[in-house]
file my_file08.txt (compact mmCIF, C-alpha atoms and all ligand atoms)
# COMPACT_ATOMS: atom_id res chain seq x y z
CA MET A 1 63.33 -2.45 -49.17
CA SER A 2 61.00 -1.10 -51.84
CA ALA A 3 61.61 -4.53 -53.43
CA VAL A 4 59.66 -6.10 -50.53
CA LEU A 5 56.61 -4.01 -51.44
CA GLY A 6 56.91 -4.98 -55.12
CA ALA A 7 57.30 -8.64 -54.15
CA ALA A 8 54.16 -8.47 -51.96
CA TRP A 9 52.10 -7.10 -54.85
CA ALA A 10 53.64 -9.64 -57.24
CA LEU A 11 52.72 -12.44 -54.82
CA LEU A 12 49.15 -11.17 -54.62
CA SER A 13 48.87 -11.06 -58.41
CA ALA A 14 50.28 -14.61 -58.56
CA ALA A 15 47.53 -15.70 -56.13
CA PHE A 16 44.81 -14.25 -58.40
CA LEU A 17 46.45 -15.73 -61.51
CA SER A 18 46.50 -19.14 -59.78
CA ALA A 19 42.81 -18.76 -58.89
CA LEU A 20 42.08 -17.95 -62.54
CA LEU A 21 43.97 -21.05 -63.72
CA LEU A 22 42.35 -23.24 -61.02
CA LEU A 23 38.93 -22.02 -62.14
CA ARG A 24 39.74 -23.21 -65.66
CA CYS A 25 40.58 -26.72 -64.33
CA ALA A 26 37.77 -26.91 -61.74
CA PRO A 27 34.93 -29.37 -62.51
CA GLU A 28 31.46 -28.00 -63.31
CA ARG A 29 29.87 -29.83 -60.34
CA PRO A 30 31.27 -29.99 -56.79
CA PRO A 31 33.21 -33.22 -56.17
CA GLY A 32 32.18 -35.44 -53.22
CA GLY A 33 33.84 -35.78 -49.79
CA GLY A 34 36.47 -33.40 -48.39
CA PHE A 35 37.25 -32.02 -51.85
CA GLY A 36 33.63 -30.82 -52.07
CA VAL A 37 34.12 -28.60 -49.01
CA VAL A 38 37.39 -27.15 -50.38
CA PHE A 39 35.70 -26.63 -53.77
CA GLY A 40 32.81 -24.78 -52.04
CA ILE A 41 35.15 -22.52 -50.05
CA PHE A 42 37.23 -21.76 -53.16
CA GLN A 43 34.13 -20.84 -55.19
CA ASP A 44 32.81 -18.77 -52.29
CA LEU A 45 36.04 -16.79 -52.01
CA ILE A 46 36.41 -15.95 -55.71
CA ARG A 47 32.77 -15.15 -56.53
CA TYR A 48 30.65 -12.23 -55.42
CA GLY A 49 27.39 -10.52 -56.41
CA LYS A 50 25.60 -12.04 -59.41
CA THR A 51 28.31 -14.66 -60.06
CA LYS A 52 27.77 -16.13 -56.57
CA ARG A 53 24.13 -16.81 -57.45
CA GLY A 54 25.08 -19.08 -60.32
CA CYS A 55 27.12 -21.51 -58.19
CA GLY A 56 24.25 -23.43 -56.64
CA GLN A 57 22.92 -23.70 -53.11
CA ARG A 58 25.64 -22.80 -50.59
CA PRO A 59 25.79 -24.44 -47.14
CA ALA A 60 24.20 -22.42 -44.31
CA TRP A 61 27.56 -21.93 -42.50
CA LEU A 62 29.04 -20.32 -45.63
CA ARG A 63 26.06 -17.99 -45.85
CA LEU A 64 26.84 -16.79 -42.31
CA LEU A 65 30.11 -15.35 -43.64
CA GLN A 66 28.55 -13.00 -46.16
CA VAL A 67 27.81 -9.28 -46.11
CA PRO A 68 25.78 -7.15 -48.55
CA LYS A 69 27.60 -6.22 -51.76
CA ARG A 70 26.37 -2.64 -51.33
CA TRP A 71 29.02 -2.45 -48.56
CA PHE A 72 31.49 -1.85 -51.41
CA THR A 73 30.71 1.75 -50.44
CA HIS A 74 32.79 1.29 -47.26
CA PHE A 75 35.94 0.61 -49.34
CA TYR A 76 35.70 4.05 -50.89
CA VAL A 77 34.88 5.79 -47.59
CA VAL A 78 38.08 4.30 -46.14
CA SER A 79 40.03 5.19 -49.28
CA VAL A 80 38.79 8.80 -49.41
CA LEU A 81 39.74 9.30 -45.74
CA TRP A 82 43.08 7.44 -45.64
CA ASN A 83 44.37 8.57 -49.03
CA GLY A 84 43.05 12.08 -48.35
CA PHE A 85 45.18 12.22 -45.17
CA LEU A 86 48.23 10.88 -47.02
CA LEU A 87 47.68 13.46 -49.76
CA ILE A 88 47.57 16.37 -47.30
CA TRP A 89 50.71 15.16 -45.49
CA LEU A 90 52.60 14.61 -48.72
CA PHE A 91 51.58 18.03 -50.04
CA ARG A 92 52.81 19.67 -46.85
CA ALA A 93 56.08 17.71 -46.96
CA GLU A 94 56.76 18.55 -50.61
CA PHE A 95 55.71 22.18 -50.74
CA LEU A 96 56.00 23.46 -47.16
CA GLY A 97 59.11 21.49 -46.21
CA GLU A 98 57.36 19.81 -43.25
CA SER A 99 58.39 16.27 -42.25
CA LEU A 100 56.00 13.36 -42.68
CA PRO A 101 54.18 12.50 -39.40
CA SER A 102 56.41 10.57 -36.99
CA TRP A 103 54.23 7.44 -37.06
CA ILE A 104 54.43 7.23 -40.88
CA GLN A 105 58.20 7.65 -40.96
CA PRO A 106 59.08 4.06 -39.83
CA MET A 107 56.84 2.57 -42.56
CA HIS A 108 58.34 4.92 -45.15
CA ARG A 109 61.85 4.10 -43.95
CA ALA A 110 61.20 0.34 -44.00
CA LEU A 111 59.28 0.04 -47.26
CA GLY A 112 60.24 3.21 -49.10
CA ARG A 113 63.15 3.90 -51.39
CA ASP A 114 66.73 3.59 -50.19
CA SER A 115 67.62 6.58 -47.92
CA ARG A 116 70.84 7.10 -49.90
CA SER A 117 69.03 7.54 -53.25
CA GLU A 118 68.13 11.20 -53.71
CA GLY A 119 65.08 11.68 -55.94
CA THR A 120 64.42 14.44 -58.47
CA ASP A 121 61.68 17.07 -58.05
CA SER A 122 59.88 15.49 -61.00
CA GLU A 123 59.78 12.05 -59.30
CA SER A 124 58.41 13.50 -56.07
CA PHE A 125 55.80 15.46 -57.99
CA SER A 126 54.80 12.23 -59.84
CA ALA A 127 54.02 10.45 -56.56
CA LEU A 128 51.96 13.41 -55.33
CA LEU A 129 50.04 13.47 -58.63
CA VAL A 130 49.32 9.71 -58.50
CA LEU A 131 48.08 10.00 -54.92
CA LEU A 132 45.79 12.82 -56.07
CA LEU A 133 44.50 10.66 -58.97
CA LEU A 134 43.89 7.74 -56.60
CA TRP A 135 42.01 9.98 -54.19
CA LEU A 136 39.86 11.48 -56.99
CA HIS A 137 39.15 7.95 -58.26
CA SER A 138 37.95 6.93 -54.78
CA CYS A 139 35.79 10.09 -54.48
CA ARG A 140 34.13 9.33 -57.83
CA ARG A 141 33.58 5.67 -56.96
CA LEU A 142 32.11 6.67 -53.59
CA ALA A 143 29.71 9.08 -55.32
CA GLU A 144 28.75 6.35 -57.83
CA CYS A 145 28.07 3.84 -55.05
CA LEU A 146 25.91 6.38 -53.24
CA TRP A 147 24.02 8.01 -56.11
CA THR A 148 24.48 6.12 -59.41
CA SER A 149 24.61 2.35 -58.92
CA VAL A 150 21.49 0.37 -58.08
CA PHE A 151 22.48 -2.55 -55.86
CA SER A 152 20.44 -5.74 -55.59
CA SER A 153 20.55 -8.15 -52.64
CA GLY A 154 23.90 -9.53 -53.88
CA VAL A 155 26.52 -10.51 -51.30
CA ILE A 156 30.28 -10.71 -50.82
CA HIS A 157 32.30 -12.96 -48.51
CA VAL A 158 33.48 -11.32 -45.30
CA VAL A 159 37.08 -12.15 -46.32
CA GLN A 160 36.57 -10.23 -49.61
CA TYR A 161 35.13 -7.35 -47.59
CA CYS A 162 38.14 -7.17 -45.21
CA PHE A 163 40.50 -7.57 -48.16
CA GLY A 164 38.85 -4.62 -49.94
CA ILE A 165 39.32 -2.35 -46.89
CA VAL A 166 42.99 -3.33 -46.47
CA TYR A 167 43.56 -2.99 -50.24
CA TYR A 168 42.72 0.72 -50.37
CA ILE A 169 44.95 1.44 -47.36
CA ALA A 170 47.79 -0.58 -48.92
CA VAL A 171 47.55 0.98 -52.37
CA GLY A 172 47.81 4.58 -51.10
CA SER A 173 50.65 3.62 -48.76
CA THR A 174 52.45 2.06 -51.74
CA VAL A 175 52.30 5.41 -53.55
CA LEU A 176 53.65 7.17 -50.46
CA CYS A 177 56.58 4.74 -50.35
CA GLN A 178 57.54 5.77 -53.92
CA VAL A 179 58.43 9.25 -52.67
CA PRO A 180 62.22 9.77 -52.47
CA ALA A 181 63.72 9.79 -48.95
CA ASN A 182 64.86 13.44 -49.22
CA VAL A 183 61.18 14.51 -49.11
CA ARG A 184 60.74 12.53 -45.89
CA ASN A 185 63.60 14.56 -44.47
CA GLY A 186 61.89 17.86 -45.26
CA LYS A 187 63.31 18.98 -48.64
CA GLU A 188 61.05 21.54 -50.37
CA LEU A 189 60.26 21.03 -54.06
CA SER A 190 59.38 23.02 -57.13
CA VAL A 191 56.65 21.76 -59.51
CA GLN A 192 58.22 19.97 -62.50
CA ILE A 193 55.67 18.82 -65.05
CA SER A 194 56.98 16.24 -67.54
CA TRP A 195 55.43 14.89 -70.76
CA TYR A 196 54.53 11.57 -69.07
CA HIS A 197 52.45 13.43 -66.45
CA VAL A 198 50.33 14.87 -69.28
CA VAL A 199 49.98 11.49 -71.06
CA GLY A 200 49.09 9.73 -67.77
CA VAL A 201 46.48 12.29 -66.73
CA VAL A 202 44.83 12.37 -70.19
CA MET A 203 44.59 8.55 -70.18
CA TYR A 204 43.24 8.60 -66.61
CA ILE A 205 40.45 11.06 -67.57
CA TRP A 206 39.56 9.05 -70.70
CA ALA A 207 39.36 5.72 -68.79
CA SER A 208 37.45 7.31 -65.87
CA LEU A 209 34.85 8.81 -68.25
CA HIS A 210 34.25 5.41 -69.85
CA GLN A 211 34.10 3.65 -66.48
CA HIS A 212 31.49 6.13 -65.29
CA ARG A 213 29.45 5.79 -68.51
CA CYS A 214 29.45 1.98 -68.19
CA LEU A 215 28.32 2.13 -64.56
CA VAL A 216 25.51 4.50 -65.62
CA ILE A 217 24.48 1.99 -68.34
CA LEU A 218 24.31 -0.79 -65.70
CA ALA A 219 22.28 1.41 -63.35
CA ASN A 220 19.88 2.40 -66.14
CA LEU A 221 19.04 -1.28 -66.72
CA ARG A 222 17.20 -1.06 -63.40
CA ARG A 223 15.68 2.40 -63.73
CA SER A 224 12.74 3.76 -65.72
CA LYS A 225 13.17 6.81 -67.99
CA SER A 226 12.18 9.02 -65.03
CA GLY A 227 15.02 7.53 -62.94
CA LYS A 228 12.79 5.42 -60.67
CA VAL A 229 14.17 1.98 -59.72
CA VAL A 230 11.84 -0.53 -61.35
CA SER A 231 13.82 -3.77 -61.17
CA LEU A 232 16.69 -5.42 -59.32
CA SER A 233 17.27 -8.20 -61.84
CA HIS A 234 20.31 -8.65 -64.07
CA SER A 235 19.97 -8.07 -67.81
CA VAL A 236 22.30 -7.67 -70.80
CA PRO A 237 23.94 -4.23 -71.04
CA PHE A 238 24.52 -2.51 -74.41
CA GLY A 239 26.31 0.67 -75.48
CA ASP A 240 29.74 2.29 -75.05
CA TRP A 241 32.51 -0.32 -74.41
CA PHE A 242 29.88 -2.99 -73.60
CA GLU A 243 29.73 -3.53 -77.38
CA ARG A 244 33.22 -5.07 -77.17
CA VAL A 245 33.52 -6.66 -73.71
CA SER A 246 31.30 -7.98 -70.91
CA CYS A 247 33.08 -5.94 -68.21
CA PRO A 248 34.24 -2.63 -69.67
CA HIS A 249 34.23 -1.03 -66.19
CA TYR A 250 36.86 -3.59 -65.13
CA PHE A 251 38.87 -2.85 -68.30
CA ALA A 252 38.66 0.87 -67.50
CA GLU A 253 39.89 0.12 -63.96
CA LEU A 254 42.95 -1.58 -65.44
CA LEU A 255 43.57 1.42 -67.74
CA ILE A 256 43.31 3.77 -64.75
CA TYR A 257 46.09 1.90 -62.96
CA VAL A 258 48.17 1.79 -66.17
CA SER A 259 47.70 5.57 -66.48
CA MET A 260 49.14 5.91 -62.95
CA ALA A 261 52.15 3.79 -63.96
CA ILE A 262 52.67 6.21 -66.87
CA THR A 263 52.33 9.21 -64.53
CA LEU A 264 55.07 7.69 -62.36
CA GLY A 265 57.32 7.78 -65.45
CA PHE A 266 56.92 4.17 -66.76
CA HIS A 267 59.91 2.83 -64.78
CA ASN A 268 58.34 2.19 -61.36
CA VAL A 269 58.52 -1.61 -61.00
CA THR A 270 56.55 -1.62 -57.72
CA TRP A 271 53.63 0.13 -59.39
CA TRP A 272 53.72 -2.26 -62.38
CA CYS A 273 53.30 -5.06 -59.80
CA VAL A 274 50.17 -3.25 -58.56
CA VAL A 275 48.98 -3.08 -62.20
CA MET A 276 49.56 -6.86 -62.52
CA TYR A 277 47.47 -7.42 -59.42
CA VAL A 278 44.61 -5.29 -60.86
CA LEU A 279 44.88 -7.17 -64.18
CA PHE A 280 44.52 -10.65 -62.62
CA ASN A 281 41.95 -9.55 -60.02
CA GLN A 282 39.73 -7.95 -62.66
CA ALA A 283 40.35 -10.79 -65.14
CA LEU A 284 39.07 -13.34 -62.59
CA ALA A 285 35.94 -11.27 -61.90
CA ALA A 286 35.42 -10.64 -65.64
CA VAL A 287 35.68 -14.35 -66.58
CA LEU A 288 33.03 -15.23 -63.97
CA CYS A 289 30.77 -12.38 -65.12
CA HIS A 290 31.22 -13.35 -68.81
CA GLU A 291 30.26 -16.96 -67.99
CA PHE A 292 27.23 -15.69 -66.05
CA TYR A 293 25.96 -13.76 -69.11
CA GLN A 294 26.65 -16.67 -71.49
CA LYS A 295 24.84 -19.16 -69.23
CA ASN A 296 21.81 -16.99 -68.52
CA PHE A 297 21.20 -15.25 -71.87
CA SER A 298 21.05 -17.54 -74.91
CA SER A 299 21.23 -14.58 -77.31
CA TYR A 300 24.28 -13.04 -75.61
CA PRO A 301 26.48 -11.36 -78.30
CA LYS A 302 29.07 -13.95 -79.42
CA HIS A 303 31.75 -11.43 -80.40
CA ARG A 304 32.04 -9.93 -76.88
CA LYS A 305 35.21 -10.80 -74.98
CA ALA A 306 35.37 -10.87 -71.16
CA LEU A 307 37.79 -8.05 -70.32
CA ILE A 308 40.13 -6.82 -73.08
CA PRO A 309 38.61 -5.95 -76.49
CA PHE A 310 39.51 -8.46 -79.29
CA ILE A 311 41.92 -10.35 -76.97
CA PHE A 312 40.48 -11.87 -73.80
N1 LIG B 401 40.82 -2.26 -58.00
C1 LIG B 401 40.24 -3.36 -57.57
O1 LIG B 401 40.91 -4.23 -57.00
C2 LIG B 401 38.75 -3.57 -57.78
C3 LIG B 401 38.14 -4.73 -57.29
C4 LIG B 401 36.77 -4.90 -57.50
C5 LIG B 401 36.04 -3.91 -58.16
N2 LIG B 401 36.66 -2.80 -58.61
C6 LIG B 401 35.92 -1.77 -59.37
O2 LIG B 401 34.70 -1.44 -58.72
C7 LIG B 401 33.68 -1.21 -59.70
C8 LIG B 401 32.45 -2.03 -59.36
O3 LIG B 401 32.80 -3.41 -59.41
P1 LIG B 401 31.73 -4.56 -59.24
O4 LIG B 401 32.47 -5.84 -59.26
O5 LIG B 401 30.84 -4.24 -58.10
O6 LIG B 401 30.87 -4.40 -60.59
P2 LIG B 401 29.50 -5.09 -60.94
O7 LIG B 401 29.36 -6.42 -60.26
O8 LIG B 401 29.34 -5.07 -62.42
O9 LIG B 401 28.39 -4.15 -60.24
C9 LIG B 401 28.28 -2.77 -60.53
C10 LIG B 401 26.83 -2.33 -60.33
O10 LIG B 401 26.04 -2.74 -61.45
C11 LIG B 401 25.01 -3.67 -61.06
N3 LIG B 401 24.98 -4.70 -62.11
C12 LIG B 401 25.97 -5.53 -62.46
N4 LIG B 401 25.61 -6.28 -63.53
C13 LIG B 401 24.34 -5.92 -63.83
C14 LIG B 401 23.39 -6.35 -64.80
N5 LIG B 401 23.70 -7.31 -65.69
N6 LIG B 401 22.16 -5.80 -64.83
C15 LIG B 401 21.84 -4.82 -63.93
N7 LIG B 401 22.69 -4.36 -62.98
C16 LIG B 401 23.93 -4.90 -62.92
C17 LIG B 401 25.45 -4.20 -59.70
O11 LIG B 401 24.35 -4.62 -58.92
P3 LIG B 401 24.39 -5.95 -57.98
O12 LIG B 401 24.12 -5.45 -56.60
O13 LIG B 401 23.28 -6.81 -58.47
O14 LIG B 401 25.73 -6.62 -58.15
C18 LIG B 401 26.13 -2.97 -59.12
O15 LIG B 401 25.17 -2.07 -58.64
C19 LIG B 401 34.25 -1.58 -61.07
O16 LIG B 401 34.54 -0.43 -61.80
C20 LIG B 401 35.53 -2.33 -60.75
O17 LIG B 401 36.53 -2.09 -61.70
C21 LIG B 401 38.00 -2.60 -58.42

call {"tool": "encode", "arguments": {"input": "my_file08.txt", "output": "C-alpha cells"}}
result
Amino acid sequence: MSAVLGAAWALLSAAFLSALLLLRCAPERPPGGGFGVVFGIFQDLIRYGKTKRGCGQRPAWLRLLQVPKRWFTHFYVVSVLWNGFLLIWLFRAEFLGESLPSWIQPMHRALGRDSRSEGTDSESFSALLVLLLLWLHSCRRLAECLWTSVFSSGVIHVVQYCFGIVYYIAVGSTVLCQVPANVRNGKELSVQISWYHVVGVVMYIWASLHQHRCLVILANLRRSKSGKVVSLSHSVPFGDWFERVSCPHYFAELLIYVSMAITLGFHNVTWWCVVMYVLFNQALAAVLCHEFYQKNFSSYPKHRKALIPFIF
C-alpha cells in the first residue's frame, strides 16, 4: 500500500508540473469571456506574495478568498506540533518497545510498508532521523517567520493556505509510513549509523545554512543597519547563492528534501516522489519570482537562473 502514498505524491508533482507547462503556454493578457474567469482563477491559485501583485487588478470576489502571506507562520506551528508528536511516538516505539498509538496504527497499516516485510534496524533509524530533520527544519522556519523575515502586505489564496497546513501533516505522516511494520508491533531497536546517514545530515546542514543566509539577505533589504524596518518594498537581493539564482532559498529547500532522501538510503521511491513534488512546486514559484524581477528591474543580472544554478 506504500505504493498508494508514492502515487499520491507523484500525482501532486504532476499537477505542479502541468501548472508550470500551462504557465508557459498562457497568454500575457487575460482572454475574454468564460476563459478569462478560468485564466484569473488559475493565476490566482499559482501566484502568491509579490508575484500576485504583477498579475493586474483581480476581481473583488477573488480578493475575498485571500489571507495574509505572513500566515505562512501557521504552517510551521502545525508542523512543529504534529511532527513533534510523531517524533516522540516513533522514538518511544523504536527505543522503548512501545506500540504506536492505536489511532495511528490503522493509517500505518493502510499506507505503510507491507506487514510481512521485516525492516532492518538501520532502516528504522533512518526514518526516525528524517522525522527529526523535518521537525528541526520546521522549528527553524518558524523562528525565521517570527524573528527574521519582514513580511509586507502580500497575500496568499485561502486554498494555498489550507494546502500548506495539510502538506506539513502529510509529509510527516509519509515519513512515519516508511517505518517497517515490526516497529509498529513493538520491536526494540539498536542505533545503527550508516555512511548515508552522515552524508544526508551533512548535506542537510549545508543547505539549511544557505537557506537561512538567503532569508537573512531578503530581510536585510527592508532593515536599516541598526535592524529597524525601514521599507516594505521589494528590491534586488545580492550575495550568497543569490549571485547564481533568483530563488536560492527555494533551491536550498529542494536540497534539504534530497538530503532526506539520502538519509533514507537513496532507495525510498515514496520519498523521491516527495522530492519531485518539492522540485515542481518550487520551480513554479521560482519561475514567477524570476519573471517578477526581470519585469520590474531593468538592470536585473542577466546571468541569474530561476532555481538551479547554470541550468534552470
Ligand atoms: N516545501 C514546500 O512545499 C514549500 C512551499 C513554499 C515555500 N517553502 C519555503 O518557505 C520559504 C519561504 O518561501 P516564500 O515563498 O515565502 O519566499 P519569499 O516569497 O521569497 O518570501 C520570503 C520573505 O522575504 C520577503 N521578500 C521576498 N522577496 C523580497 C524582495 N525582493 N525584497 C524584499 N523582501 C523580499 C518576503 O516578504 P513578502 O511579505 O513581501 O512576500 C518574505 O518576508 C522558502 O525557503 C521556501 O523554500 C516551501

call {"tool": "closest_residue", "arguments": {"input": "my_file08.txt", "among": "A:Leu133, A:Glu291, A:Cys145, A:Trp9", "to": "Ala170 in chain A", "atoms": "all atoms listed in the file"}}
result
A:Trp9

call {"tool": "residues_around", "arguments": {"input": "my_file08.txt", "residues": "range 292-309 of chain A", "least_positions_apart": "4", "cutoff": "9 Å", "atoms": "all atoms listed in the file", "output": "ChimeraX atom specification"}}
result
/A:50-51,54,235-236,241-251,282-283,286-288

call {"tool": "atom_distance", "arguments": {"input": "my_file08.txt", "atom1": "CA of Val78 in chain A", "atom2": "CA of Tyr167 in chain A"}}
result
10.0 Å

call {"tool": "residues_near_ligand", "arguments": {"input": "my_file08.txt", "ligand": "ligand LIG 401 (chain B)", "cutoff": "8 Å", "atoms": "all atoms listed in the file", "output": "PDB file with C-alpha atoms, in the frame of the given file"}}
result
ATOM      1  CA  TYR A  48      30.650 -12.230 -55.420  1.00  0.00           C
ATOM      2  CA  GLY A  49      27.390 -10.520 -56.410  1.00  0.00           C
ATOM      3  CA  LYS A  50      25.600 -12.040 -59.410  1.00  0.00           C
ATOM      4  CA  LYS A  69      27.600  -6.220 -51.760  1.00  0.00           C
ATOM      5  CA  ARG A  70      26.370  -2.640 -51.330  1.00  0.00           C
ATOM      6  CA  PHE A  72      31.490  -1.850 -51.410  1.00  0.00           C
ATOM      7  CA  ARG A 141      33.580   5.670 -56.960  1.00  0.00           C
ATOM      8  CA  CYS A 145      28.070   3.840 -55.050  1.00  0.00           C
ATOM      9  CA  SER A 149      24.610   2.350 -58.920  1.00  0.00           C
ATOM     10  CA  VAL A 150      21.490   0.370 -58.080  1.00  0.00           C
ATOM     11  CA  PHE A 151      22.480  -2.550 -55.860  1.00  0.00           C
ATOM     12  CA  SER A 152      20.440  -5.740 -55.590  1.00  0.00           C
ATOM     13  CA  SER A 153      20.550  -8.150 -52.640  1.00  0.00           C
ATOM     14  CA  GLY A 154      23.900  -9.530 -53.880  1.00  0.00           C
ATOM     15  CA  VAL A 155      26.520 -10.510 -51.300  1.00  0.00           C
ATOM     16  CA  GLY A 164      38.850  -4.620 -49.940  1.00  0.00           C
ATOM     17  CA  TYR A 167      43.560  -2.990 -50.240  1.00  0.00           C
ATOM     18  CA  GLN A 211      34.100   3.650 -66.480  1.00  0.00           C
ATOM     19  CA  LEU A 215      28.320   2.130 -64.560  1.00  0.00           C
ATOM     20  CA  LEU A 218      24.310  -0.790 -65.700  1.00  0.00           C
ATOM     21  CA  ALA A 219      22.280   1.410 -63.350  1.00  0.00           C
ATOM     22  CA  ASN A 220      19.880   2.400 -66.140  1.00  0.00           C
ATOM     23  CA  LEU A 221      19.040  -1.280 -66.720  1.00  0.00           C
ATOM     24  CA  ARG A 222      17.200  -1.060 -63.400  1.00  0.00           C
ATOM     25  CA  LEU A 232      16.690  -5.420 -59.320  1.00  0.00           C
ATOM     26  CA  SER A 233      17.270  -8.200 -61.840  1.00  0.00           C
ATOM     27  CA  HIS A 234      20.310  -8.650 -64.070  1.00  0.00           C
ATOM     28  CA  SER A 235      19.970  -8.070 -67.810  1.00  0.00           C
ATOM     29  CA  VAL A 236      22.300  -7.670 -70.800  1.00  0.00           C
ATOM     30  CA  PRO A 237      23.940  -4.230 -71.040  1.00  0.00           C
ATOM     31  CA  CYS A 247      33.080  -5.940 -68.210  1.00  0.00           C
ATOM     32  CA  HIS A 249      34.230  -1.030 -66.190  1.00  0.00           C
ATOM     33  CA  TYR A 250      36.860  -3.590 -65.130  1.00  0.00           C
ATOM     34  CA  PHE A 251      38.870  -2.850 -68.300  1.00  0.00           C
ATOM     35  CA  ALA A 252      38.660   0.870 -67.500  1.00  0.00           C
ATOM     36  CA  GLU A 253      39.890   0.120 -63.960  1.00  0.00           C
ATOM     37  CA  LEU A 254      42.950  -1.580 -65.440  1.00  0.00           C
ATOM     38  CA  TYR A 277      47.470  -7.420 -59.420  1.00  0.00           C
ATOM     39  CA  VAL A 278      44.610  -5.290 -60.860  1.00  0.00           C
ATOM     40  CA  ASN A 281      41.950  -9.550 -60.020  1.00  0.00           C
ATOM     41  CA  GLN A 282      39.730  -7.950 -62.660  1.00  0.00           C
ATOM     42  CA  ALA A 285      35.940 -11.270 -61.900  1.00  0.00           C
ATOM     43  CA  CYS A 289      30.770 -12.380 -65.120  1.00  0.00           C
ATOM     44  CA  TYR A 293      25.960 -13.760 -69.110  1.00  0.00           C
TER      45      TYR A 293
END

call {"tool": "closest_residue", "arguments": {"input": "my_file08.txt", "among": "A:Ser18, A:Gln66, A:Asn182, A:Ser138", "to": "Asp44 in chain A", "atoms": "only C-alpha atoms"}}
result
A:Gln66

call {"tool": "residues_around", "arguments": {"input": "my_file08.txt", "residues": "Phe85 in chain A", "least_positions_apart": "2", "cutoff": "12 Å", "atoms": "all atoms listed in the file", "output": "number ranges by chain"}}
result
A: 78-83, 87-92, 100-101, 104, 131-132, 135, 169, 172-173, 176

call {"tool": "axis_aligned_box", "arguments": {"input": "my_file08.txt", "around": "range 17-32 of chain A", "padding_each_side": "6 Å", "output": "lines of an AutoDock Vina configuration file"}}
result
center_x = 38.2
center_y = -25.6
center_z = -59.4
size_x = 28.6
size_y = 31.7
size_z = 24.4

call {"tool": "atom_distance", "arguments": {"input": "my_file08.txt", "atom1": "CA of Val175 in chain A", "atom2": "CA of Cys273 in chain A"}}
result
12.2 Å
